[in-house]
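Structure file target.cif; described as mmCIF, C-alpha atoms.
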data_data
loop_
_atom_site.label_atom_id
_atom_site.label_comp_id
_atom_site.auth_asym_id
_atom_site.auth_seq_id
_atom_site.Cartn_x
_atom_site.Cartn_y
_atom_site.Cartn_z
CA MET O 84 194.23 216.71 -10.14
CA VAL O 85 191.00 217.94 -8.59
CA GLN O 86 190.50 220.33 -11.47
CA ALA O 87 191.02 217.51 -13.98
CA ALA O 88 188.44 215.39 -12.19
CA ASP O 89 185.98 218.28 -12.18
CA THR O 90 186.54 218.80 -15.90
CA GLU O 91 185.91 215.12 -16.53
CA ARG O 92 182.69 215.17 -14.49
CA THR O 93 181.52 218.27 -16.35
CA ALA O 94 182.21 216.59 -19.69
CA GLU O 95 180.29 213.50 -18.59
CA ALA O 96 177.34 215.59 -17.45
CA SER O 97 177.38 217.49 -20.72
CA ALA O 98 177.47 214.25 -22.71
CA GLY O 99 174.55 212.96 -20.65
CA ALA O 100 172.55 216.10 -21.35
CA ASP O 101 173.41 215.82 -25.05
CA GLU O 102 172.20 212.25 -25.19
CA ALA O 103 168.99 213.02 -23.30
CA LEU O 104 168.19 215.90 -25.61
CA LEU O 105 168.76 213.87 -28.77
CA ARG O 106 166.72 211.00 -27.34
CA ALA O 107 163.86 213.39 -26.55
CA TYR O 108 163.96 214.64 -30.13
CA GLY O 109 163.88 211.08 -31.45
CA ALA O 110 160.91 210.32 -29.19
CA GLY O 111 158.95 213.21 -30.69
CA ASP O 112 159.25 215.71 -27.81
CA PRO O 113 157.72 218.90 -29.29
CA GLY O 114 160.25 221.26 -27.66
CA ALA O 115 163.36 219.26 -28.51
CA ALA O 116 163.97 220.70 -31.99
CA GLN O 117 164.08 224.23 -30.58
CA ALA O 118 166.28 223.16 -27.65
CA ILE O 119 168.77 221.49 -30.00
CA ALA O 120 168.88 224.60 -32.21
CA GLU O 121 169.59 226.82 -29.21
CA ARG O 122 172.18 224.46 -27.70
CA TYR O 123 174.27 223.76 -30.81
CA GLY O 124 173.25 226.37 -33.39
CA PRO O 125 175.48 229.23 -32.20
CA THR O 126 178.53 226.94 -32.01
CA ALA O 127 177.78 225.56 -35.47
CA PHE O 128 177.49 229.04 -36.96
CA ARG O 129 180.62 230.41 -35.24
CA PHE O 130 182.74 227.45 -36.32
CA ALA O 131 181.40 227.54 -39.87
CA LEU O 132 182.11 231.28 -40.01
CA ARG O 133 185.77 230.69 -39.14
CA LEU O 134 186.15 228.05 -41.84
CA THR O 135 184.21 229.70 -44.66
CA SER O 136 185.06 233.39 -44.04
CA SER O 137 181.57 234.39 -45.16
CA ARG O 138 178.46 234.86 -43.07
CA ALA O 139 176.22 233.68 -45.90
CA ASP O 140 178.26 230.53 -46.49
CA ALA O 141 178.56 229.98 -42.76
CA GLU O 142 174.78 230.12 -42.42
CA ASP O 143 174.31 227.56 -45.21
CA VAL O 144 176.96 225.21 -43.86
CA ALA O 145 175.78 225.48 -40.26
CA GLN O 146 172.15 224.90 -41.21
CA GLU O 147 173.03 221.82 -43.27
CA ALA O 148 175.11 220.46 -40.39
CA MET O 149 172.24 221.03 -37.96
CA ILE O 150 169.81 219.22 -40.26
CA ARG O 151 172.23 216.30 -40.37
CA LEU O 152 172.33 216.35 -36.60
CA TYR O 153 168.53 216.18 -36.46
CA ARG O 154 168.58 213.22 -38.84
CA ALA O 155 171.23 211.46 -36.75
CA ALA O 156 169.52 212.18 -33.43
CA PRO O 157 167.03 209.26 -33.30
CA GLY O 158 169.83 206.72 -33.79
CA TRP O 159 172.45 208.54 -31.71
CA ARG O 160 174.76 206.31 -29.69
CA PRO O 161 176.86 207.66 -26.79
CA GLU O 162 179.93 205.84 -28.10
CA GLY O 163 179.73 208.09 -31.16
CA GLY O 164 181.41 210.80 -29.07
CA GLN O 165 180.33 214.27 -28.07
CA VAL O 166 177.78 216.05 -30.17
CA THR O 167 179.99 219.12 -30.60
CA SER O 168 182.90 216.98 -31.84
CA TRP O 169 180.54 215.34 -34.29
CA LEU O 170 179.33 218.77 -35.43
CA TYR O 171 182.89 220.09 -35.85
CA ARG O 172 183.71 217.12 -38.09
CA VAL O 173 180.58 217.54 -40.22
CA ILE O 174 181.07 221.29 -40.59
CA ALA O 175 184.75 220.86 -41.52
CA ASN O 176 183.77 218.40 -44.26
CA LEU O 177 180.98 220.63 -45.54
CA ALA O 178 183.27 223.66 -45.61
CA THR O 179 185.93 221.69 -47.48
CA ASP O 180 183.36 220.52 -50.02
CA LEU O 181 182.14 224.08 -50.46
CA ALA O 182 185.68 225.37 -51.02
CA ARG O 183 186.29 222.67 -53.64
CA ARG O 184 183.09 223.48 -55.51
CA ARG O 185 183.65 227.19 -55.43
CA PRO O 186 186.98 229.02 -55.33
CA ALA O 187 187.42 231.48 -52.52
CA GLU O 188 185.99 234.90 -53.22
CA PRO O 189 187.29 238.19 -51.82
CA ILE O 190 185.72 238.83 -48.47
CA GLU O 191 182.97 241.31 -48.90
CA ALA O 192 183.38 244.63 -47.25
CA ALA O 193 181.11 245.27 -44.32
CA LEU O 194 178.23 247.51 -45.30
CA VAL O 195 177.36 248.69 -41.85
CA LEU O 196 176.59 252.36 -42.16
CA ALA O 197 177.22 254.72 -39.33
CA ASP O 198 173.57 255.65 -38.93
CA GLY O 199 173.98 257.64 -35.77
CA THR O 200 172.23 255.09 -33.55
CA PRO O 201 173.97 254.19 -30.31
CA GLY O 202 176.49 251.40 -30.86
CA ALA O 203 176.61 251.78 -34.65
CA GLU O 204 180.30 252.67 -34.62
CA ALA O 205 181.11 249.81 -32.28
CA ARG O 206 179.26 247.40 -34.57
CA LEU O 207 181.20 248.72 -37.54
CA MET O 208 184.50 248.18 -35.74
CA ALA O 209 183.47 244.70 -34.64
CA ARG O 210 182.59 243.80 -38.22
CA ASP O 211 185.95 245.17 -39.42
CA ARG O 212 187.79 243.01 -36.89
CA GLU O 213 185.75 239.98 -37.85
CA ASP O 214 186.58 240.50 -41.52
CA ALA O 215 190.25 240.96 -40.67
CA LEU O 216 190.32 237.62 -38.88
CA SER O 217 188.48 235.98 -41.76
CA ARG O 218 191.01 237.35 -44.24
CA ALA O 219 193.90 236.17 -42.10
CA LEU O 220 192.43 232.69 -41.63
CA ALA O 221 191.70 232.42 -45.34
CA GLN O 222 195.44 232.66 -46.02
CA LEU O 223 196.09 229.41 -44.18
CA PRO O 224 195.99 225.98 -45.85
CA ASP O 225 192.76 224.10 -45.06
CA ARG O 226 194.09 221.71 -42.44
CA GLN O 227 196.21 224.34 -40.71
CA ARG O 228 193.18 226.61 -40.52
CA LEU O 229 191.02 223.82 -39.13
CA ALA O 230 193.60 222.91 -36.48
CA VAL O 231 194.19 226.53 -35.47
CA VAL O 232 190.48 227.33 -35.19
CA LEU O 233 189.80 224.21 -33.12
CA ARG O 234 192.79 224.88 -30.85
CA HIS O 235 192.86 228.64 -30.44
CA ILE O 236 189.29 229.76 -31.12
CA GLU O 237 187.19 226.80 -30.02
CA GLY O 238 189.65 225.92 -27.24
CA LEU O 239 189.77 222.17 -27.80
CA THR O 240 192.59 219.98 -26.55
CA ASN O 241 195.03 218.31 -28.93
CA PRO O 242 193.56 214.81 -28.36
CA GLU O 243 190.08 216.19 -29.11
CA ILE O 244 191.36 217.80 -32.29
CA ALA O 245 193.15 214.58 -33.23
CA ALA O 246 189.88 212.66 -32.92
CA ILE O 247 187.99 215.19 -35.04
CA MET O 248 190.63 215.39 -37.75
CA GLU O 249 191.36 211.67 -37.52
CA ILE O 250 195.12 212.18 -37.20
CA GLY O 251 197.65 211.67 -34.41
CA THR O 252 198.27 214.19 -31.66
CA GLU O 253 201.82 214.82 -32.94
CA ALA O 254 200.39 215.79 -36.31
CA VAL O 255 197.97 218.12 -34.52
CA GLU O 256 200.82 219.78 -32.64
CA SER O 257 202.71 220.28 -35.88
CA LEU O 258 199.68 221.71 -37.68
CA THR O 259 198.75 224.08 -34.87
CA ALA O 260 202.33 225.32 -34.47
CA ARG O 261 202.73 226.08 -38.16
CA GLY O 262 199.22 227.46 -38.38
CA LYS O 263 199.74 229.73 -35.43
CA ARG O 264 202.91 231.19 -36.96
CA ALA O 265 201.14 231.76 -40.27
CA LEU O 266 198.10 233.31 -38.60
CA THR O 267 200.28 235.58 -36.49
CA GLU O 268 201.96 236.92 -39.61
CA ALA O 269 198.62 237.31 -41.36
CA LEU O 270 197.07 239.13 -38.41
CA ALA O 271 200.07 241.43 -38.20
CA GLY O 272 199.13 242.61 -41.68
CA GLU O 273 195.66 243.47 -40.41
CA ARG O 274 196.74 245.65 -37.51
CA GLN O 275 194.90 248.71 -38.75
CA ALA O 276 191.63 246.85 -39.16
CA LEU O 277 192.17 245.37 -35.72
CA GLY O 278 192.36 248.82 -34.19
CA TYR O 279 196.09 248.96 -33.46
CA ALA O 280 197.55 252.38 -34.00
CA GLU O 281 200.19 252.60 -36.67
CA GLY O 282 203.45 253.67 -35.13
CA MET P 271 201.28 246.61 -31.04
CA ARG P 272 203.74 248.86 -32.83
CA LYS P 273 204.57 248.54 -36.49
CA GLY P 274 207.18 245.87 -37.07
CA GLU P 275 206.73 244.41 -33.63
CA ARG P 276 206.58 240.61 -33.76
CA MET P 277 204.03 238.64 -31.81
CA SER P 278 206.20 235.91 -30.49
CA ASP P 279 204.53 235.72 -27.11
CA GLU P 280 201.54 233.46 -26.50
CA SER P 281 199.61 236.17 -24.69
CA ASP P 282 200.12 238.60 -27.57
CA PHE P 283 198.75 236.06 -30.00
CA ASP P 284 195.76 235.30 -27.83
CA LEU P 285 195.15 239.00 -27.27
CA MET P 286 195.18 239.71 -30.98
CA LEU P 287 192.98 236.71 -31.65
CA ALA P 288 190.54 237.81 -28.97
CA ARG P 289 190.50 241.31 -30.41
CA ALA P 290 189.84 239.94 -33.89
CA ARG P 291 186.80 237.98 -32.79
CA GLY P 292 184.02 240.31 -33.72
CA ASP P 293 180.34 239.52 -33.98
CA GLU P 294 180.13 235.73 -33.98
CA SER P 295 176.45 235.49 -33.17
CA PRO P 296 174.19 233.89 -35.78
CA PRO P 297 172.13 236.19 -37.98
CA PRO P 298 168.59 237.05 -36.86
CA GLY P 299 166.15 234.22 -37.46
CA PHE P 300 168.87 231.60 -37.97
CA LEU P 301 168.03 229.57 -34.87
CA ALA P 302 164.30 229.76 -35.62
CA ARG P 303 164.90 228.48 -39.17
CA VAL P 304 167.06 225.64 -37.88
CA ALA P 305 164.45 224.70 -35.26
CA ALA P 306 161.68 224.76 -37.88
CA ALA P 307 163.71 222.51 -40.17
CA GLY P 308 164.31 220.15 -37.28
CA ALA P 309 160.65 220.09 -36.31
CA ALA P 310 159.67 219.33 -39.91
CA ILE P 311 161.71 216.12 -40.00
CA GLN P 312 161.18 215.09 -36.37
CA PRO P 313 159.76 211.60 -35.81
CA ALA P 314 156.22 211.44 -34.46
CA PRO P 315 155.81 210.79 -30.73
CA GLU P 316 156.57 207.16 -29.90
CA ALA P 317 153.15 206.22 -28.51
CA VAL P 318 151.29 207.49 -31.56
CA THR P 319 153.75 205.92 -33.95
CA ALA P 320 153.47 202.56 -32.25
CA ALA P 321 149.69 202.67 -32.30
CA ILE P 322 149.60 203.52 -36.00
CA ALA P 323 152.30 201.13 -37.03
CA GLN P 324 151.05 198.10 -35.12
CA PRO P 325 147.29 198.11 -34.49
CA ARG P 326 146.57 195.37 -31.98
CA PRO P 327 144.48 192.65 -33.67
CA ALA P 328 141.24 191.63 -31.94
CA SER P 329 141.37 188.20 -30.43
CA GLY P 330 138.85 185.69 -29.14
CA PHE P 331 136.12 183.41 -30.46
CA TRP P 332 133.87 186.05 -32.05
CA ALA P 333 136.82 187.84 -33.65
CA GLU P 334 137.82 184.52 -35.27
CA ILE P 335 134.27 184.00 -36.54
CA ALA P 336 134.13 187.54 -37.93
CA ARG P 337 137.43 187.02 -39.76
CA ALA P 338 136.21 183.62 -41.13
CA ILE P 339 133.14 185.14 -42.76
CA GLY P 340 135.01 188.03 -44.30
CA GLY P 341 135.04 190.73 -41.69
CA TRP P 342 132.30 193.29 -41.17
CA ARG P 343 131.16 193.15 -44.81
CA GLY P 344 130.63 189.41 -44.65
CA ALA P 345 128.87 189.71 -41.31
CA GLY P 346 126.56 192.41 -42.73
CA GLY P 347 125.58 190.21 -45.65
CA LEU P 348 124.94 187.29 -43.39
CA VAL P 349 122.68 189.32 -41.11
CA THR P 350 120.72 190.66 -44.10
CA ALA P 351 120.15 187.16 -45.48
CA THR P 352 119.06 185.87 -42.08
CA LEU P 353 116.54 188.68 -41.60
CA ALA P 354 115.15 188.18 -45.12
CA GLY P 355 114.68 184.47 -44.43
CA ALA P 356 112.93 185.16 -41.15
CA TRP P 357 110.59 187.65 -42.79
CA ILE P 358 109.65 185.20 -45.56
CA GLY P 359 109.00 182.48 -43.03
CA LEU P 360 106.97 184.48 -40.56
CA ALA P 361 105.24 187.36 -42.28
CA ASP P 362 103.05 185.70 -44.95
CA PRO P 363 103.62 181.96 -45.46
CA GLY P 364 100.11 181.38 -46.97
CA GLY P 365 100.52 183.88 -49.73
CA LEU P 366 103.88 182.49 -50.61
CA LEU P 367 102.49 178.91 -50.84
CA MET P 368 99.54 180.06 -52.97
CA ALA P 369 101.89 181.81 -55.34
CA ALA P 370 103.94 178.65 -55.65
CA ALA P 371 100.79 176.51 -56.35
CA SER P 372 99.47 178.87 -59.02
CA ALA P 373 102.72 178.75 -60.85
CA GLY P 374 101.96 175.07 -61.74
CA THR P 375 104.46 172.29 -62.26
CA VAL P 376 107.69 173.05 -63.90
CA GLU P 377 109.10 170.40 -66.19
CA LEU P 378 112.75 170.24 -65.52
CA MET P 379 113.24 167.34 -68.04
CA PRO P 380 110.39 167.49 -70.59
CA GLY P 381 111.37 164.30 -72.50
CA THR P 382 111.25 161.77 -69.67
CA GLY P 383 107.60 160.80 -70.36
CA ASP P 384 108.46 159.63 -73.87
CA MET P 385 111.46 157.75 -72.66
CA PHE P 386 109.51 155.56 -70.21
CA GLY P 387 106.34 155.20 -72.32
CA THR P 388 104.09 157.15 -70.07
CA GLY P 389 103.84 160.30 -72.13
CA ASP P 390 101.15 161.48 -74.50
CA GLY P 391 103.19 160.76 -77.59
CA ALA P 392 103.41 156.99 -76.83
CA GLU P 393 99.65 156.62 -76.36
CA ALA P 394 98.86 158.43 -79.59
CA GLY P 395 101.10 156.23 -81.63
CA GLY P 396 99.75 152.89 -80.17
#
In structure tokens, what does this structure look like?
Amino acid sequence: MVQAADTERTAEASAGADEALLRAYGAGDPGAAQAIAERYGPTAFRFALRLTSSRADAEDVAQEAMIRLYRAAPGWRPEGGQVTSWLYRVIANLATDLARRRPAEPIEAALVLADGTPGAEARLMARDREDALSRALAQLPDRQRLAVVLRHIEGLTNPEIAAIMEIGTEAVESLTARGKRALTEALAGERQALGYAEG
Amino acid sequence: MRKGERMSDESDFDLMLARARGDESPPPGFLARVAAAGAAIQPAPEAVTAAIAQPRPASGFWAEIARAIGGWRGAGGLVTATLAGAWIGLADPGGLLMAAASAGTVELMPGTGDMFGTGDGAEAGG
């Protein structure tokens, strides 16, 4: 109970900080554009990456979503919900539009060469794992992928996901359950790329 | 995980998912580009915007007079005319009167003498 109350207070404080930042941007505060980019940009890129399975597409989608956020900032109303929820919704729509316009392409192989510098091999392995997850996620239907990413990668609750996807919580539970099974099977096929030894 | 082993357990799934999450950080320069795009479309500071959008009109008696005569252009013309009149009146009134006298009488209606029988034409004919 105490933990739930703490979580609620943290969410309220975060929403207050969101609103203050957007209001500062709308009022012409010279540092607000940078602060907004730093606060929401990494989340926007990470989420877009999981939906588009391409770093180039993710960059385009995330940047467009951030520009829309800047445009919405001067007229932002607290009742519009949390900024991150708003961003998730915009990015999901942009990614869906992108997929409709352009069929999915094979995920490009990582061209990280082992150049002998410290950490090069680790970076190569990290990129391999990232590509493996992208390939696995790309096998899921759009809405299953969206629900699974929001639930298991972004860590949102089912009611939060329901609000973003504009469906009921029961539908969210169904989507995440089916999506999780499908993703588990897909990831199992990527065990070598994920660094599991074949046995 | 061994080959063929199923991931039915929640912790196994989360572990595999965590392991699959590689480099999720944005590419270099991404945040700077986003911030620059945001700065380019940012509204101007409120105070400046308000001052530009709604300049406070001057009020009071003299402001009303200035508006009535056409603003600063009208006021400039009025001042010029006033100074010219003052110069004509004060600087050389004698010269001006002499110039007017030497110019003679100007007939605005030359035929009025004939009409009332006082002109040269009537006397010549009688």
Coordinates-based distance that separates CA of Gly109 (chain O) from CA of Tyr171 (chain O) (Å, one decimal)
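Distance reported for this atom pair: 21.5 Å.
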Given the file shown, determine the residues that the PyMOL selection byres ((chain O) within 7 of (chain P)) selects; report them as a ChimeraX atom specification.
/O:108-112,116-117,120-121,124-125,128-129,146,149-150,153,209-210,212-213,215-216,267,277,279,281-282
Point-to-point distance from CA of Tyr123 (chain O) to CA of Thr167 (chain O), Å rounded to tenths:
7.4 Å
Can you work out the spacing between CA of Met208 (chain O) and CA of Arg133 (chain O) in Å, to one decimal?
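Interatomic distance, CA of Met208 (chain O) to CA of Arg133 (chain O): 17.9 Å.
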Picked residues, the PyMOL selection byres ((chain O and resi 130) around 12), as number ranges by chain
O: 123-129, 131-138, 140-142, 144-146, 148, 167-168, 170-175, 177-178, 217, 228-238; P: 291, 294-296
Measuring between all atoms listed in the file, which one of O:Ala205, O:Ile244, O:Ala269, O:Ala156 shows the shortest distance to Glu256 (chain O)?
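Result for the nearest residue to Glu256 (chain O): O:Ile244.
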If you count only C-alpha atoms, which residues fall within 8 Å of Gly262 (chain O), apart from same-chain ones fewer than 2 positions away, as a ChimeraX atom specification?
/O:223,227-228,230-231,258-260,264-266
